[in-house]
Amino acid sequence: MDIYNSQIPLYFAPRGEKQWAITIGQTTYYSVPGIEVTPSWQRHEDTHKEQWKKEGWIKFAVKYLWYQITKGYQNNPFEVEARNAESVKEENS
């Protein structure tokens, strides 16, 4: 499920960022209208849905938070995988 025009992601966004999303379980909350969500952004967030499903709620949440603290957003393995998924399918199209 995707929810658009939500304020929820903005609580987690870097200061001043207006376009942000957060995936919790199988629901992605976007801060923008659906028309503004690009296919690559959708693939990024869909990857997080798969990660939640694979890891389970508690394990994913704990690991994600641990990676954020110890590695930061850019080097968080969950984010690295999601960023890689953004372009994979575009290359195969």
# chains A, B, ... in the order shown; residues from 1 in each chain; ligands from 1
call {"tool": "residues_around", "arguments": {"residues": "stretch 23-39 of chain A", "least_positions_apart": "6", "cutoff": "8 Å", "atoms": "only C-alpha atoms", "output": "ChimeraX atom specification"}}
result
/A:1-10,45,48-49,52-53,57,86
call {"tool": "atom_distance", "arguments": {"atom1": "atom CA of A:Thr47", "atom2": "atom CA of A:Asn84"}}
result
9.5 Å
call {"tool": "closest_residue", "arguments": {"among": "A:Phe12, A:Ala61, A:Ser87, A:Lys71", "to": "A:His44", "atoms": "only C-alpha atoms"}}
result
A:Ser87
call {"tool": "select_by_dssp", "arguments": {"residues": "chain A", "states": "strand (DSSP E or B)", "output": "list of chain:residue names"}}
result
A:Asp2, A:Ile3, A:Ala21, A:Ile22, A:Thr23, A:Ile24, A:Thr27, A:Thr28, A:Tyr29, A:Tyr30
call {"tool": "select_by_dssp", "arguments": {"residues": "chain A", "states": "alpha helix (DSSP H)", "output": "PyMOL selection string"}}
result
chain A and resi 39-55+57-75+77-92
call {"tool": "write_last_selection", "arguments": {"atoms": "C-alpha atoms", "output": "mmCIF file, in the first residue's frame"}}
result
data_model
loop_
_atom_site.group_PDB
_atom_site.id
_atom_site.type_symbol
_atom_site.label_atom_id
_atom_site.label_comp_id
_atom_site.auth_asym_id
_atom_site.auth_seq_id
_atom_site.Cartn_x
_atom_site.Cartn_y
_atom_site.Cartn_z
ATOM 1 C CA PRO A 39 9.545 4.722 -11.071
ATOM 2 C CA SER A 40 13.046 4.640 -9.560
ATOM 3 C CA TRP A 41 11.779 6.094 -6.268
ATOM 4 C CA GLN A 42 8.984 3.501 -6.290
ATOM 5 C CA ARG A 43 11.549 0.707 -6.799
ATOM 6 C CA HIS A 44 13.615 2.083 -3.920
ATOM 7 C CA GLU A 45 10.662 1.970 -1.539
ATOM 8 C CA ASP A 46 9.456 -1.392 -2.883
ATOM 9 C CA THR A 47 12.885 -2.763 -1.993
ATOM 10 C CA HIS A 48 12.301 -1.648 1.596
ATOM 11 C CA LYS A 49 8.965 -3.510 1.579
ATOM 12 C CA GLU A 50 10.820 -6.663 0.532
ATOM 13 C CA GLN A 51 13.421 -6.070 3.248
ATOM 14 C CA TRP A 52 10.697 -5.735 5.885
ATOM 15 C CA LYS A 53 9.089 -8.954 4.629
ATOM 16 C CA LYS A 54 12.375 -10.884 4.565
ATOM 17 C CA GLU A 55 13.709 -9.710 7.928
ATOM 18 C CA TRP A 57 9.295 -6.428 11.850
ATOM 19 C CA ILE A 58 11.539 -6.523 14.894
ATOM 20 C CA LYS A 59 14.689 -7.720 13.164
ATOM 21 C CA PHE A 60 14.396 -5.175 10.358
ATOM 22 C CA ALA A 61 13.673 -2.270 12.709
ATOM 23 C CA VAL A 62 16.560 -3.122 15.049
ATOM 24 C CA LYS A 63 19.054 -3.744 12.233
ATOM 25 C CA TYR A 64 17.999 -0.619 10.332
ATOM 26 C CA LEU A 65 18.406 1.551 13.423
ATOM 27 C CA TRP A 66 21.741 -0.068 14.278
ATOM 28 C CA TYR A 67 23.040 0.548 10.748
ATOM 29 C CA GLN A 68 21.850 4.158 10.870
ATOM 30 C CA ILE A 69 23.749 4.726 14.113
ATOM 31 C CA THR A 70 26.925 2.855 13.169
ATOM 32 C CA LYS A 71 27.159 3.443 9.409
ATOM 33 C CA GLY A 72 24.924 6.430 8.646
ATOM 34 C CA TYR A 73 22.250 6.745 5.984
ATOM 35 C CA GLN A 74 24.555 6.562 2.942
ATOM 36 C CA ASN A 75 26.308 3.383 4.111
ATOM 37 C CA PRO A 77 23.208 -1.709 3.814
ATOM 38 C CA PHE A 78 19.411 -1.528 3.514
ATOM 39 C CA GLU A 79 19.698 1.874 1.826
ATOM 40 C CA VAL A 80 22.572 0.737 -0.391
ATOM 41 C CA GLU A 81 20.448 -2.178 -1.623
ATOM 42 C CA ALA A 82 17.450 0.102 -2.215
ATOM 43 C CA ARG A 83 19.558 2.647 -4.136
ATOM 44 C CA ASN A 84 20.980 -0.147 -6.281
ATOM 45 C CA ALA A 85 17.430 -1.289 -7.082
ATOM 46 C CA GLU A 86 16.553 2.177 -8.385
ATOM 47 C CA SER A 87 18.557 1.732 -11.584
ATOM 48 C CA VAL A 88 18.678 -2.039 -12.046
ATOM 49 C CA LYS A 89 15.364 -2.326 -13.854
ATOM 50 C CA GLU A 90 15.920 0.841 -15.873
ATOM 51 C CA GLU A 91 19.031 -0.752 -17.356
ATOM 52 C CA ASN A 92 17.050 -3.878 -18.289
#
